[in-house]
Structure formats: structure tokens, C-alpha cells
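Reproduced below: entry_3.cif, with mmCIF, C-alpha atoms.
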data_query
#
loop_
_atom_site.group_PDB
_atom_site.id
_atom_site.type_symbol
_atom_site.label_atom_id
_atom_site.label_comp_id
_atom_site.auth_asym_id
_atom_site.auth_seq_id
_atom_site.Cartn_x
_atom_site.Cartn_y
_atom_site.Cartn_z
ATOM 1 C CA MET R 16 -77.347 -61.819 29.258
ATOM 2 C CA PHE R 17 -76.333 -65.158 30.803
ATOM 3 C CA HIS R 18 -75.871 -66.498 34.317
ATOM 4 C CA GLY R 19 -75.094 -70.139 35.003
ATOM 5 C CA ARG R 20 -72.767 -72.961 34.194
ATOM 6 C CA GLY R 21 -72.017 -72.209 30.553
ATOM 7 C CA SER R 22 -71.429 -74.942 28.006
ATOM 8 C CA PHE R 23 -68.735 -72.685 26.517
ATOM 9 C CA LEU R 24 -66.368 -73.872 29.302
ATOM 10 C CA SER R 25 -65.731 -77.564 29.853
ATOM 11 C CA ASP R 26 -65.178 -79.008 33.321
ATOM 12 C CA ALA R 27 -61.557 -79.671 32.335
ATOM 13 C CA GLU R 28 -61.090 -76.018 31.303
ATOM 14 C CA ARG R 29 -62.653 -74.807 34.552
ATOM 15 C CA ALA R 30 -60.322 -77.040 36.571
ATOM 16 C CA ALA R 31 -57.283 -75.905 34.581
ATOM 17 C CA LEU R 32 -58.235 -72.228 34.982
ATOM 18 C CA ASP R 33 -58.655 -72.837 38.713
ATOM 19 C CA ARG R 34 -55.137 -74.318 38.924
ATOM 20 C CA GLU R 35 -53.614 -71.528 36.856
ATOM 21 C CA SER R 36 -55.331 -68.857 38.961
ATOM 22 C CA ARG R 37 -53.853 -70.375 42.129
ATOM 23 C CA ASP R 38 -50.400 -70.427 40.505
ATOM 24 C CA TYR R 39 -50.737 -66.804 39.373
ATOM 25 C CA ARG R 40 -51.830 -65.370 42.754
ATOM 26 C CA PRO R 41 -48.248 -64.445 43.771
ATOM 27 C CA ARG R 42 -47.963 -62.419 40.538
ATOM 28 C CA ALA R 43 -51.161 -60.453 41.161
ATOM 29 C CA GLU R 44 -50.885 -56.714 41.640
ATOM 30 C CA ARG R 45 -53.110 -54.575 43.788
ATOM 31 C CA ILE R 46 -55.150 -52.302 41.530
ATOM 32 C CA SER R 47 -57.154 -49.886 43.629
ATOM 33 C CA ASP R 48 -59.599 -52.133 45.493
ATOM 34 C CA HIS R 49 -58.823 -55.587 44.080
ATOM 35 C CA CYS R 50 -55.871 -57.715 42.986
ATOM 36 C CA ALA R 51 -55.389 -58.887 39.405
ATOM 37 C CA ALA R 52 -52.986 -61.085 37.472
ATOM 38 C CA ALA R 53 -52.745 -60.840 33.689
ATOM 39 C CA GLY R 54 -50.638 -62.658 31.145
ATOM 40 C CA ALA R 55 -51.679 -66.180 32.117
ATOM 41 C CA PRO R 56 -51.339 -68.302 28.968
ATOM 42 C CA LEU R 57 -54.240 -70.677 29.573
ATOM 43 C CA ALA R 58 -56.671 -67.859 30.404
ATOM 44 C CA GLY R 59 -55.686 -66.105 27.180
ATOM 45 C CA GLU R 60 -56.105 -69.279 25.150
ATOM 46 C CA VAL R 61 -59.498 -70.132 26.670
ATOM 47 C CA SER R 62 -60.767 -66.570 26.075
ATOM 48 C CA ARG R 63 -60.280 -67.195 22.329
ATOM 49 C CA SER R 64 -61.750 -70.711 22.269
ATOM 50 C CA PRO R 65 -64.112 -71.838 19.496
ATOM 51 C CA ALA R 66 -66.825 -72.615 22.086
ATOM 52 C CA ILE R 67 -66.754 -69.076 23.497
ATOM 53 C CA HIS R 68 -66.654 -67.665 19.962
ATOM 54 C CA ALA R 69 -69.764 -69.626 18.978
ATOM 55 C CA PHE R 70 -71.616 -68.689 22.175
ATOM 56 C CA LEU R 71 -70.900 -64.967 21.888
ATOM 57 C CA THR R 72 -71.612 -64.868 18.152
ATOM 58 C CA GLU R 73 -75.049 -66.383 18.795
ATOM 59 C CA LYS R 74 -75.789 -63.966 21.638
ATOM 60 C CA VAL R 75 -74.349 -60.655 20.405
ATOM 61 C CA GLY R 76 -73.351 -61.026 16.757
ATOM 62 C CA ALA R 77 -69.984 -59.643 15.751
ATOM 63 C CA PHE R 78 -67.419 -59.115 18.501
ATOM 64 C CA ALA R 79 -63.666 -58.885 18.871
ATOM 65 C CA ALA R 80 -61.493 -60.483 21.505
ATOM 66 C CA THR R 81 -59.523 -57.808 23.325
ATOM 67 C CA GLY R 82 -56.853 -60.122 24.659
ATOM 68 C CA ARG R 83 -57.885 -59.152 28.175
ATOM 69 C CA ALA R 84 -57.975 -62.332 30.183
ATOM 70 C CA HIS R 85 -57.032 -62.000 33.804
ATOM 71 C CA TYR R 86 -57.589 -63.414 37.234
ATOM 72 C CA LEU R 87 -59.232 -61.334 39.942
ATOM 73 C CA TYR R 88 -58.592 -61.882 43.639
ATOM 74 C CA TYR R 89 -60.617 -60.541 46.538
ATOM 75 C CA ASP R 90 -58.842 -62.194 49.434
ATOM 76 C CA GLU R 91 -58.152 -59.419 51.910
ATOM 77 C CA PRO R 92 -60.697 -57.608 54.092
ATOM 78 C CA GLY R 93 -62.134 -54.533 52.395
ATOM 79 C CA LEU R 94 -61.487 -55.494 48.784
ATOM 80 C CA GLY R 95 -64.365 -54.982 46.374
ATOM 81 C CA GLY R 96 -65.378 -52.469 43.763
ATOM 82 C CA ASP R 97 -67.464 -49.322 43.651
ATOM 83 C CA ALA R 98 -70.240 -48.974 41.078
ATOM 84 C CA HIS R 99 -68.803 -48.483 37.591
ATOM 85 C CA VAL R 100 -69.085 -49.362 33.924
ATOM 86 C CA ASP R 101 -66.101 -50.649 31.979
ATOM 87 C CA ALA R 102 -64.448 -48.988 28.995
ATOM 88 C CA ASP R 103 -65.923 -49.569 25.546
ATOM 89 C CA ALA R 104 -62.787 -51.510 24.624
ATOM 90 C CA CYS R 105 -63.938 -54.208 27.058
ATOM 91 C CA ALA R 106 -67.681 -53.642 27.065
ATOM 92 C CA LEU R 107 -68.619 -57.338 27.073
ATOM 93 C CA HIS R 108 -67.395 -59.623 29.858
ATOM 94 C CA ILE R 109 -67.406 -63.260 30.770
ATOM 95 C CA LEU R 110 -66.785 -63.515 34.495
ATOM 96 C CA THR R 111 -66.396 -67.023 35.966
ATOM 97 C CA LEU R 112 -66.203 -67.779 39.679
ATOM 98 C CA LEU R 113 -63.411 -70.202 40.489
ATOM 99 C CA GLU R 114 -63.643 -70.090 44.285
ATOM 100 C CA HIS R 115 -65.607 -68.314 46.977
ATOM 101 C CA ARG R 116 -64.736 -69.264 50.510
ATOM 102 C CA PRO R 117 -67.269 -67.383 52.599
ATOM 103 C CA PRO R 118 -66.369 -65.739 55.904
ATOM 104 C CA GLY R 119 -65.421 -68.332 58.478
ATOM 105 C CA GLY R 120 -65.052 -70.949 55.737
ATOM 106 C CA HIS R 121 -68.575 -72.229 56.359
ATOM 107 C CA GLY R 122 -71.089 -73.152 53.706
ATOM 108 C CA PRO R 123 -70.760 -74.980 50.405
ATOM 109 C CA GLU R 124 -68.034 -74.061 47.946
ATOM 110 C CA GLY R 125 -69.063 -71.103 45.856
ATOM 111 C CA HIS R 126 -71.953 -70.022 48.085
ATOM 112 C CA GLU R 127 -72.011 -66.549 49.524
ATOM 113 C CA GLY R 128 -72.999 -66.264 53.153
ATOM 114 C CA PRO R 129 -75.100 -63.350 54.317
ATOM 115 C CA ALA R 130 -72.000 -61.362 55.323
ATOM 116 C CA GLY R 131 -70.004 -62.327 52.238
ATOM 117 C CA SER R 132 -69.089 -60.142 49.302
ATOM 118 C CA GLY R 133 -71.442 -60.189 46.346
ATOM 119 C CA LEU R 134 -71.664 -58.921 42.800
ATOM 120 C CA ILE R 135 -74.410 -56.372 42.255
ATOM 121 C CA LEU R 136 -75.639 -55.288 38.829
ATOM 122 C CA HIS R 137 -77.715 -52.190 38.169
ATOM 123 C CA PRO R 138 -79.327 -52.867 34.775
ATOM 124 C CA PRO R 139 -81.244 -49.984 33.182
ATOM 125 C CA ASP R 140 -84.882 -49.810 34.287
ATOM 126 C CA LEU R 141 -84.388 -52.423 37.028
ATOM 127 C CA GLY R 142 -83.432 -52.260 40.658
ATOM 128 C CA ALA R 143 -80.177 -53.641 41.968
ATOM 129 C CA VAL R 144 -79.688 -57.336 41.184
ATOM 130 C CA ARG R 145 -77.410 -59.310 43.516
ATOM 131 C CA LEU R 146 -75.925 -62.428 41.959
ATOM 132 C CA ARG R 147 -74.822 -65.481 43.865
ATOM 133 C CA LEU R 148 -72.442 -67.301 41.589
ATOM 134 C CA ARG R 149 -71.308 -70.750 42.595
ATOM 135 C CA ALA R 150 -67.877 -72.098 41.708
ATOM 136 C CA GLY R 151 -67.807 -72.835 37.970
ATOM 137 C CA GLU R 152 -70.704 -70.530 37.119
ATOM 138 C CA SER R 153 -70.295 -67.638 34.721
ATOM 139 C CA LEU R 154 -71.884 -64.278 34.210
ATOM 140 C CA VAL R 155 -71.895 -62.878 30.676
ATOM 141 C CA PHE R 156 -72.931 -59.231 30.619
ATOM 142 C CA PHE R 157 -72.469 -55.869 28.953
ATOM 143 C CA ALA R 158 -70.024 -54.399 31.457
ATOM 144 C CA GLY R 159 -69.731 -51.265 29.324
ATOM 145 C CA SER R 160 -73.388 -50.350 29.730
ATOM 146 C CA VAL R 161 -74.516 -52.106 32.917
ATOM 147 C CA THR R 162 -73.315 -50.486 36.107
ATOM 148 C CA HIS R 163 -71.870 -53.122 38.410
ATOM 149 C CA ARG R 164 -70.025 -53.389 41.708
ATOM 150 C CA ARG R 165 -68.683 -55.881 44.217
ATOM 151 C CA THR R 166 -69.433 -55.377 47.884
ATOM 152 C CA ARG R 167 -66.445 -55.407 50.207
ATOM 153 C CA THR R 168 -64.902 -58.612 51.470
ATOM 154 C CA VAL R 169 -64.691 -59.349 55.160
ATOM 155 C CA ALA R 170 -62.077 -61.144 57.258
ATOM 156 C CA ASP R 171 -61.358 -64.745 56.263
ATOM 157 C CA GLU R 172 -63.196 -64.477 52.938
ATOM 158 C CA ARG R 173 -61.564 -65.492 49.661
ATOM 159 C CA ILE R 174 -62.831 -65.001 46.104
ATOM 160 C CA ARG R 175 -61.059 -65.946 42.857
ATOM 161 C CA LEU R 176 -62.472 -65.233 39.404
ATOM 162 C CA VAL R 177 -61.348 -65.290 35.808
ATOM 163 C CA SER R 178 -62.461 -62.433 33.567
ATOM 164 C CA PHE R 179 -62.466 -62.338 29.759
ATOM 165 C CA GLY R 180 -63.117 -59.030 27.972
ATOM 166 C CA TYR R 181 -64.514 -58.484 24.490
ATOM 167 C CA ARG R 182 -65.564 -55.593 22.291
ATOM 168 C CA VAL R 183 -68.937 -55.671 20.519
ATOM 169 C CA LEU R 184 -68.896 -54.726 16.837
ATOM 170 C CA GLY R 185 -72.006 -53.216 15.269
ATOM 171 C CA GLU R 186 -75.495 -53.976 16.495
ATOM 172 C CA THR R 187 -76.133 -56.540 19.196
ATOM 173 C CA ARG R 188 -78.786 -59.226 19.249
ATOM 174 C CA GLU R 189 -81.368 -59.521 22.005
#
Go ahead and express the file in the form of C-alpha cells.
Amino acid sequence: MFHGRGSFLSDAERAALDRESRDYRPRAERISDHCAAAGAPLAGEVSRSPAIHAFLTEKVGAFAATGRAHYLYYDEPGLGGDAHVDADACALHILTLLEHRPPGGHGPEGHEGPAGSGLILHPPDLGAVRLRLRAGESLVFFAGSVTHRRTRTVADERIRLVSFGYRVLGETRE
């Protein structure tokens, strides 16, 4: 639905989320094939911001915040995610890349090298779509109906994201 540097997050909010995600890394728990930290106050507050509310209302109509705002960490070799769809309770996601240090630490901040982990979407009626988010860019998508996955990280690669989950109410807009 949207890929880019969204106006629904200010540069100051992005920087503050980046700081909070670094602070919350020691609290992250390993959940299957990734690490996640929930309960961060700023992430929760930003997920309910008026700017995000206005953006999502324009794009999808009625929605409800789920209170799911957490940081995701892929900073060990082999972390990633198999193809899946998310539960209806969190069918709409805003995923924002805070940092991607590619393998070997080479390349510009937020750029995935050829061997680096990537997000792959499998929208209905399309082939696989690999996204190359840069730091500060967001992906807004229907995670409850679009199959998605993250390829596995390799040695010396680090990825940090913030994820906000929402539930769509009624019909969605195109």
C-alpha cells in the first residue's frame, strides 16, 4: 500500500524511535527466528499518533490500533522469517527500518548488499517482490492477507525495525 519515507513520521520521531530501539535491545526476547522487544513507551505512543491516524484513515478507512508496537532485531546469523501472514488482529502493519548494517559493514546506511537479508512480499496475482528499505523508510501493508518473509541474516549483519500493528474495520479503500 505504501513504501517510502512517510510523512506520518517526523525526523525527530524516527530519531527517537532509533534511540529507544537501541536502549530496548537488551530486553528483546528470541521468538522463533527473530528477536523482539515490546512495551517501549515511545513506540506505543507513536503508533497512536494523530499523523498515523490520519494517514491510515485516508488509505484504509476505519481501523483500530491494537497496541502492538515493538522493535524487531535481526542481528545474529540465520535470523529471518519464513513465509507467513499475520493474524487478523494485526492484519495491517507499519514497518519502519531504523538500521541495516549490511554484511561486512560496507555500503550506505540502510542499503542491503547482495548477500544481505531482505523483505520479500508475495502479493496475490504478482510474483515475489523484494523490498530494499533504507533507514527511515516505512512499508505499510496488509500483513494479514499478503504473504511475507525475511531472508536469513548472515554474519556481521544487523537490522533493527519498529513495527506497529492495526486491525482494519469494515471495508478497505483502494
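Nearest to R:Ala27 of all the residues R:Gly180, R:Gly119, R:Gly96, R:Gly151 is R:Gly151, counting all atoms listed in the file.
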If you count only C-alpha atoms, which residues fall within 12 Å of R:Arg29, apart from same-chain ones fewer than 5 positions away, as JSON, numbers by chain? {"R": [20, 21, 22, 23, 24, 34, 35, 36, 57, 58, 61, 62, 111, 112, 113, 114, 150, 151, 152, 153, 176, 177]}
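The residue that comes closest to R:Thr162, out of R:Gly133, R:Leu148, R:Asp97, R:Arg37 and on the basis of all atoms listed in the file, is R:Asp97.
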Can you tell me which residues surround R:Phe17 at a distance of at most 10 Å, considering all atoms listed in the file, apart from same-chain residues fewer than 5 positions away, and format the answer as a list of chain:residue names? R:Lys74, R:Ile109, R:Ser153, R:Leu154, R:Val155, R:Phe156
Could you tell me, as JSON, numbers by chain, exactly which residues end up selected when the PyMOL selection byres ((chain R and resi 75-81) around 12) is applied to this structure? {"R": [16, 17, 59, 60, 61, 62, 63, 64, 65, 67, 68, 69, 70, 71, 72, 73, 74, 82, 83, 84, 85, 102, 103, 104, 105, 106, 107, 108, 109, 155, 156, 157, 178, 179, 180, 181, 182, 183, 184, 185, 186, 187, 188, 189]}
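Residues matched by the PyMOL selection byres ((chain R and resi 49) around 8) in this file are Arg45, Ile46, Ser47, Asp48, Cys50, Ala51, Leu87, Tyr88, Tyr89, Leu94, Gly95 and Gly96 of chain R.
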Among listed residues R:His99, R:Arg116, R:Arg145, R:Arg42, nearest R:Arg175 (using all atoms listed in the file):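 For R:Arg175, the nearest of the given residues is R:Arg116.
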